[in-house]
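A.B. asks: Got a structure for you, my_file.cif, holding mmCIF, C-alpha atoms.
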```
data_entry
#
loop_
_atom_site.group_PDB
_atom_site.id
_atom_site.type_symbol
_atom_site.label_atom_id
_atom_site.label_comp_id
_atom_site.auth_asym_id
_atom_site.auth_seq_id
_atom_site.Cartn_x
_atom_site.Cartn_y
_atom_site.Cartn_z
ATOM 1 C CA MET A 1 -1.884 -1.587 20.811
ATOM 2 C CA THR A 2 1.119 -3.677 19.811
ATOM 3 C CA HIS A 3 -0.350 -6.786 21.411
ATOM 4 C CA LEU A 4 -3.557 -6.365 19.376
ATOM 5 C CA LEU A 5 -1.604 -6.423 16.122
ATOM 6 C CA GLU A 6 0.576 -9.336 17.221
ATOM 7 C CA ASN A 7 -2.538 -11.321 18.195
ATOM 8 C CA LEU A 8 -4.190 -10.395 14.914
ATOM 9 C CA GLN A 9 -1.122 -11.563 13.003
ATOM 10 C CA LYS A 10 -1.326 -14.989 14.686
ATOM 11 C CA GLN A 11 -5.065 -15.244 13.961
ATOM 12 C CA LEU A 12 -4.588 -14.250 10.322
ATOM 13 C CA GLU A 13 -1.771 -16.779 9.965
ATOM 14 C CA GLN A 14 -4.160 -19.494 11.180
ATOM 15 C CA ARG A 15 -6.471 -18.411 8.342
ATOM 16 C CA GLY A 16 -3.621 -18.710 5.816
ATOM 17 C CA LEU A 17 -2.844 -14.988 5.500
ATOM 18 C CA ILE A 18 0.782 -13.991 5.777
ATOM 19 C CA THR A 19 1.511 -10.592 7.272
ATOM 20 C CA VAL A 20 4.703 -8.964 8.513
ATOM 21 C CA PHE A 21 4.767 -7.214 11.880
ATOM 22 C CA SER A 22 6.923 -4.076 12.214
ATOM 23 C CA GLU A 23 7.641 -2.172 15.392
ATOM 24 C CA ALA A 24 7.322 1.597 15.460
ATOM 25 C CA ASP A 25 10.325 3.414 14.027
ATOM 26 C CA ALA A 26 11.350 6.885 12.867
ATOM 27 C CA ALA A 27 9.467 6.554 9.570
ATOM 28 C CA THR A 28 6.286 5.091 11.075
ATOM 29 C CA PRO A 29 5.601 6.020 14.691
ATOM 30 C CA PHE A 30 3.139 3.150 15.089
ATOM 31 C CA PRO A 31 3.591 -0.620 15.004
ATOM 32 C CA LYS A 32 1.972 -2.103 11.917
ATOM 33 C CA LEU A 33 1.131 -5.257 10.043
ATOM 34 C CA SER A 34 1.755 -5.354 6.300
ATOM 35 C CA GLN A 35 0.212 -7.718 3.809
ATOM 36 C CA ALA A 36 1.853 -7.901 0.411
ATOM 37 C CA ILE A 37 -0.530 -8.068 -2.527
ATOM 38 C CA SER A 38 0.300 -8.720 -6.127
ATOM 39 C CA LEU A 39 -1.869 -7.397 -8.937
ATOM 40 C CA PRO A 40 -0.442 -9.016 -12.072
ATOM 41 C CA ASP A 41 -2.923 -7.342 -14.456
ATOM 42 C CA LEU A 42 -1.582 -3.980 -13.288
ATOM 43 C CA ASN A 43 2.005 -5.202 -12.801
ATOM 44 C CA TRP A 44 1.869 -3.848 -9.233
ATOM 45 C CA ASP A 45 3.227 -5.265 -6.010
ATOM 46 C CA LEU A 46 1.716 -3.318 -3.114
ATOM 47 C CA LYS A 47 1.347 -3.503 0.631
ATOM 48 C CA ILE A 48 -1.765 -2.977 2.675
ATOM 49 C CA GLU A 49 -0.649 -1.664 6.047
ATOM 50 C CA LEU A 50 -2.728 -2.208 9.158
ATOM 51 C CA MET A 51 -2.206 0.117 12.116
ATOM 52 C CA MET A 52 -4.083 0.817 15.305
ATOM 53 C CA VAL A 53 -5.241 4.429 15.499
ATOM 54 C CA ALA A 54 -6.731 6.034 18.581
ATOM 55 C CA ASP A 55 -8.772 9.211 18.855
ATOM 56 C CA LEU A 56 -8.449 10.232 15.174
ATOM 57 C CA ALA A 57 -7.518 13.724 16.314
ATOM 58 C CA LEU A 58 -11.043 14.216 17.636
ATOM 59 C CA GLY A 59 -9.774 17.125 19.680
ATOM 60 C CA GLN A 60 -10.399 17.904 23.280
ATOM 61 C CA ALA A 61 -13.502 20.086 23.066
ATOM 62 C CA GLU A 62 -15.319 20.337 26.384
ATOM 63 C CA GLU A 63 -18.633 19.251 24.893
ATOM 64 C CA GLN A 64 -17.094 16.029 23.629
ATOM 65 C CA PRO A 65 -17.963 12.990 25.762
ATOM 66 C CA ASP A 66 -15.058 11.222 27.478
ATOM 67 C CA GLU A 67 -15.891 7.929 25.774
ATOM 68 C CA ALA A 68 -15.075 9.511 22.376
ATOM 69 C CA ASN A 69 -11.429 9.593 23.445
ATOM 70 C CA ASP A 70 -11.466 5.845 24.138
ATOM 71 C CA LEU A 71 -12.258 4.833 20.563
ATOM 72 C CA GLU A 72 -9.811 2.613 18.738
ATOM 73 C CA PHE A 73 -9.667 1.943 15.040
ATOM 74 C CA LEU A 74 -7.804 -0.475 12.823
ATOM 75 C CA GLN A 75 -6.607 1.478 9.809
ATOM 76 C CA PHE A 76 -6.066 -0.222 6.455
ATOM 77 C CA PHE A 77 -3.778 1.891 4.246
ATOM 78 C CA ALA A 78 -2.545 1.132 0.733
ATOM 79 C CA PRO A 79 -0.715 3.819 -1.249
ATOM 80 C CA LEU A 80 -0.945 3.324 -5.004
ATOM 81 C CA PRO A 81 2.335 3.305 -6.965
ATOM 82 C CA PHE A 82 1.944 6.569 -8.865
ATOM 83 C CA THR A 83 1.437 10.261 -8.280
ATOM 84 C CA VAL A 84 -0.889 12.731 -9.937
ATOM 85 C CA ALA A 85 0.371 15.732 -11.884
ATOM 86 C CA GLU A 86 -1.109 19.039 -10.747
ATOM 87 C CA VAL A 87 -2.821 19.481 -14.101
ATOM 88 C CA GLN A 88 -4.858 16.311 -13.411
ATOM 89 C CA ALA A 89 -5.785 17.230 -9.814
ATOM 90 C CA ALA A 90 -9.400 18.312 -10.372
ATOM 91 C CA GLU A 91 -10.230 15.319 -12.572
ATOM 92 C CA MET A 92 -8.567 12.921 -10.078
ATOM 93 C CA ALA A 93 -10.609 14.338 -7.207
ATOM 94 C CA ARG A 94 -13.765 13.843 -9.299
ATOM 95 C CA LEU A 95 -12.812 10.293 -10.314
ATOM 96 C CA VAL A 96 -12.040 9.309 -6.711
ATOM 97 C CA GLY A 97 -15.476 10.596 -5.708
ATOM 98 C CA LEU A 98 -17.195 8.677 -8.508
ATOM 99 C CA VAL A 99 -15.348 5.455 -7.673
ATOM 100 C CA ASN A 100 -16.189 5.758 -3.973
ATOM 101 C CA ASN A 101 -19.870 6.265 -4.795
ATOM 102 C CA PHE A 102 -19.823 3.088 -6.858
ATOM 103 C CA ALA A 103 -17.589 0.882 -4.695
ATOM 104 C CA PRO A 104 -19.032 -1.364 -1.966
ATOM 105 C CA LEU A 105 -16.376 -0.064 0.457
ATOM 106 C CA MET A 106 -15.439 3.606 0.260
ATOM 107 C CA GLY A 107 -11.813 4.437 0.839
ATOM 108 C CA PHE A 108 -10.028 5.789 -2.220
ATOM 109 C CA ALA A 109 -8.523 9.189 -1.536
ATOM 110 C CA TYR A 110 -6.326 11.732 -3.219
ATOM 111 C CA ASN A 111 -3.939 14.090 -1.443
ATOM 112 C CA GLU A 112 -3.481 17.122 -3.678
ATOM 113 C CA SER A 113 -0.403 18.433 -1.879
ATOM 114 C CA SER A 114 1.604 15.223 -2.357
ATOM 115 C CA GLY A 115 -0.144 13.909 -5.483
ATOM 116 C CA LEU A 116 -0.633 10.565 -3.702
ATOM 117 C CA VAL A 117 -3.628 8.337 -4.434
ATOM 118 C CA TYR A 118 -4.333 5.726 -1.787
ATOM 119 C CA PHE A 119 -6.953 3.502 -0.220
ATOM 120 C CA ARG A 120 -7.725 4.064 3.465
ATOM 121 C CA HIS A 121 -10.368 2.311 5.510
ATOM 122 C CA LEU A 122 -11.039 2.500 9.239
ATOM 123 C CA MET A 123 -12.617 -0.331 11.192
ATOM 124 C CA ILE A 124 -13.896 0.371 14.706
ATOM 125 C CA VAL A 125 -12.325 -1.899 17.322
ATOM 126 C CA LEU A 126 -14.696 -2.626 20.191
ATOM 127 C CA ASP A 127 -13.438 -3.793 23.579
ATOM 128 C CA SER A 128 -9.923 -4.256 22.134
ATOM 129 C CA GLN A 129 -11.177 -7.211 20.062
ATOM 130 C CA ILE A 130 -10.421 -7.557 16.358
ATOM 131 C CA ASP A 131 -12.335 -10.180 14.377
ATOM 132 C CA PRO A 132 -9.855 -11.855 11.990
ATOM 133 C CA GLU A 133 -12.640 -12.888 9.593
ATOM 134 C CA THR A 134 -13.746 -9.270 9.214
ATOM 135 C CA VAL A 135 -10.126 -8.240 8.629
ATOM 136 C CA GLU A 136 -9.696 -10.964 6.002
ATOM 137 C CA VAL A 137 -12.863 -9.875 4.178
ATOM 138 C CA SER A 138 -11.731 -6.239 4.351
ATOM 139 C CA LEU A 139 -8.292 -7.116 2.933
ATOM 140 C CA ASP A 140 -9.871 -9.131 0.108
ATOM 141 C CA THR A 141 -12.306 -6.307 -0.674
ATOM 142 C CA ILE A 142 -9.568 -3.664 -0.705
ATOM 143 C CA GLN A 143 -7.449 -5.798 -3.025
ATOM 144 C CA TYR A 144 -10.451 -6.324 -5.315
ATOM 145 C CA LEU A 145 -11.210 -2.594 -5.427
ATOM 146 C CA ILE A 146 -7.617 -1.623 -6.165
ATOM 147 C CA ASP A 147 -7.477 -4.292 -8.870
ATOM 148 C CA THR A 148 -10.794 -3.101 -10.329
ATOM 149 C CA PHE A 149 -10.172 0.658 -10.333
ATOM 150 C CA GLY A 150 -6.379 0.950 -10.204
ATOM 151 C CA ALA A 151 -5.832 1.079 -13.967
ATOM 152 C CA ALA A 152 -8.395 3.847 -14.421
ATOM 153 C CA LEU A 153 -6.857 5.892 -11.607
ATOM 154 C CA GLN A 154 -3.356 5.408 -13.022
ATOM 155 C CA ASP A 155 -4.465 6.229 -16.576
ATOM 156 C CA LEU A 156 -5.950 9.514 -15.397
ATOM 157 C CA ALA A 157 -2.864 10.324 -13.295
ATOM 158 C CA SER A 158 -0.551 9.742 -16.259
ATOM 159 C CA GLY A 159 -2.792 11.530 -18.748
ATOM 160 C CA ALA A 160 -3.268 8.356 -20.816
ATOM 161 C CA ARG A 161 -7.061 8.858 -20.654
ATOM 162 C CA ASP A 162 -9.250 11.735 -19.539
ATOM 163 C CA LEU A 163 -12.098 11.502 -17.037
ATOM 164 C CA GLU A 164 -14.812 11.423 -19.699
ATOM 165 C CA LYS A 165 -13.193 8.432 -21.449
ATOM 166 C CA ILE A 166 -12.634 6.569 -18.170
ATOM 167 C CA VAL A 167 -16.252 7.054 -17.078
ATOM 168 C CA ALA A 168 -17.498 5.875 -20.486
ATOM 169 C CA ASP A 169 -15.175 2.841 -20.580
ATOM 170 C CA ASP A 170 -14.715 1.707 -16.974
ATOM 171 C CA ILE A 171 -17.442 2.914 -14.663
ATOM 172 C CA LYS A 172 -20.412 0.630 -15.313
ATOM 173 C CA TRP A 173 -23.140 2.088 -13.116
ATOM 174 C CA LYS A 174 -25.283 3.368 -15.973
#
```
Take the structure in the file and write it out as structure tokens.
C.D. replies:
Amino acid sequence: MTHLLENLQKQLEQRGLITVFSEADAATPFPKLSQAISLPDLNWDLKIELMMVADLALGQAEEQPDEANDLEFLQFFAPLPFTVAEVQAAEMARLVGLVNNFAPLMGFAYNESSGLVYFRHLMIVLDSQIDPETVEVSLDTIQYLIDTFGAALQDLASGARDLEKIVADDIKWK
């Protein structure tokens, strides 16, 4: 899997995208690519991490076909720079659901136990081939979505605005 990420890094560099390759370590047991993104309107500097993921804990049930265990995915992961207070948990879960229904690429998530809000997207990798153009479009889309919905998510997490106000002000699907 390491060679896939190293090859992807070279292909992205040819497209003008700078990423940093990191070997597996104690904190992250997988090699990864990281792309730094800056969102000046939010005053955030984030990283989108790309990691190869196999099997997705599909389990080893007997009725599961063998080919299911050969699946590979490229995971895009971007933790947002805030946590959610327990009192806001139900509204955050609702807002994440609303945003994902509206967004062209679903991927916002909220982990109630840690209070972490993040964006996670999985791209199927066929025949150990990763299309750098698809990765570039995915990175651009993820950055756009975080830039578009990040302030609303942070406002709810901090208690600056409630869900009703955010939906009225920010979610324009009406």
A.B. asks: I'd like the contact shell of Leu17 of chain A - 10 Å cut-off, only C-alpha atoms, skipping same-chain residues fewer than 6 positions apart - returned as an MDAnalysis selection string.
C.D. replies: chainID A and resid 9:11 35:36 136 139
A.B. asks: Selection in question (the file shown): the PyMOL selection byres ((chain A and resi 114-123) around 6). Which residues does it include, as a VMD selection string?
C.D. replies: chain A and resid 73 to 80 83 to 84 107 to 113 124
A.B. asks: What is the distance, in Å and to one decimal place, between atom CA of Glu13 of chain A and atom CA of Pro132 of chain A?
C.D. replies: 9.7 Å
A.B. asks: Give me, please, the distance in Å between atom CA of Leu95 of chain A and atom CA of Ser138 of chain A, quoted to one decimal.
C.D. replies: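 Distance reported for this atom pair: 22.1 Å.
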A.B. asks: From the set A:Leu39, A:Thr148, A:Leu50, A:Gly97, which residue has the shortest atom-to-atom contact distance to Ser22 of chain A, counting only C-alpha atoms?
C.D. replies: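 Answer, going by the shortest atom-to-atom distance: A:Leu50.
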A.B. asks: What does the distance between atom CA of Ile166 of chain A and atom CA of Asp140 of chain A come to in Å, to one decimal place?
C.D. replies: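 Going from atom CA of Ile166 of chain A over to atom CA of Asp140 of chain A covers 24.3 Å.
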A.B. asks: Apply the PyMOL selection byres ((chain A and resi 158) around 12) to the structure shown and report the selected residues as a compact mmCIF listing (two decimals) with C-alpha atoms, keeping the file's coordinate frame.
C.D. replies:
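The file below, result-v2.txt, is the result:
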```
# COMPACT_ATOMS: atom_id res chain seq x y z
CA PRO A 81 2.34 3.30 -6.96
CA PHE A 82 1.94 6.57 -8.86
CA THR A 83 1.44 10.26 -8.28
CA VAL A 84 -0.89 12.73 -9.94
CA ALA A 85 0.37 15.73 -11.88
CA GLU A 86 -1.11 19.04 -10.75
CA VAL A 87 -2.82 19.48 -14.10
CA GLN A 88 -4.86 16.31 -13.41
CA ALA A 89 -5.78 17.23 -9.81
CA GLU A 91 -10.23 15.32 -12.57
CA MET A 92 -8.57 12.92 -10.08
CA GLY A 115 -0.14 13.91 -5.48
CA ALA A 151 -5.83 1.08 -13.97
CA ALA A 152 -8.40 3.85 -14.42
CA LEU A 153 -6.86 5.89 -11.61
CA GLN A 154 -3.36 5.41 -13.02
CA ASP A 155 -4.46 6.23 -16.58
CA LEU A 156 -5.95 9.51 -15.40
CA ALA A 157 -2.86 10.32 -13.30
CA GLY A 159 -2.79 11.53 -18.75
CA ALA A 160 -3.27 8.36 -20.82
CA ARG A 161 -7.06 8.86 -20.65
CA ASP A 162 -9.25 11.74 -19.54
CA LEU A 163 -12.10 11.50 -17.04
```
A.B. asks: Tell me which of A:Thr28, A:Gln129, A:Ser38, A:Thr19 sits closest to Asp147 of chain A, counting all atoms listed in the file.
C.D. replies: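 Of the candidates, the smallest distance to Asp147 of chain A is held by A:Ser38.
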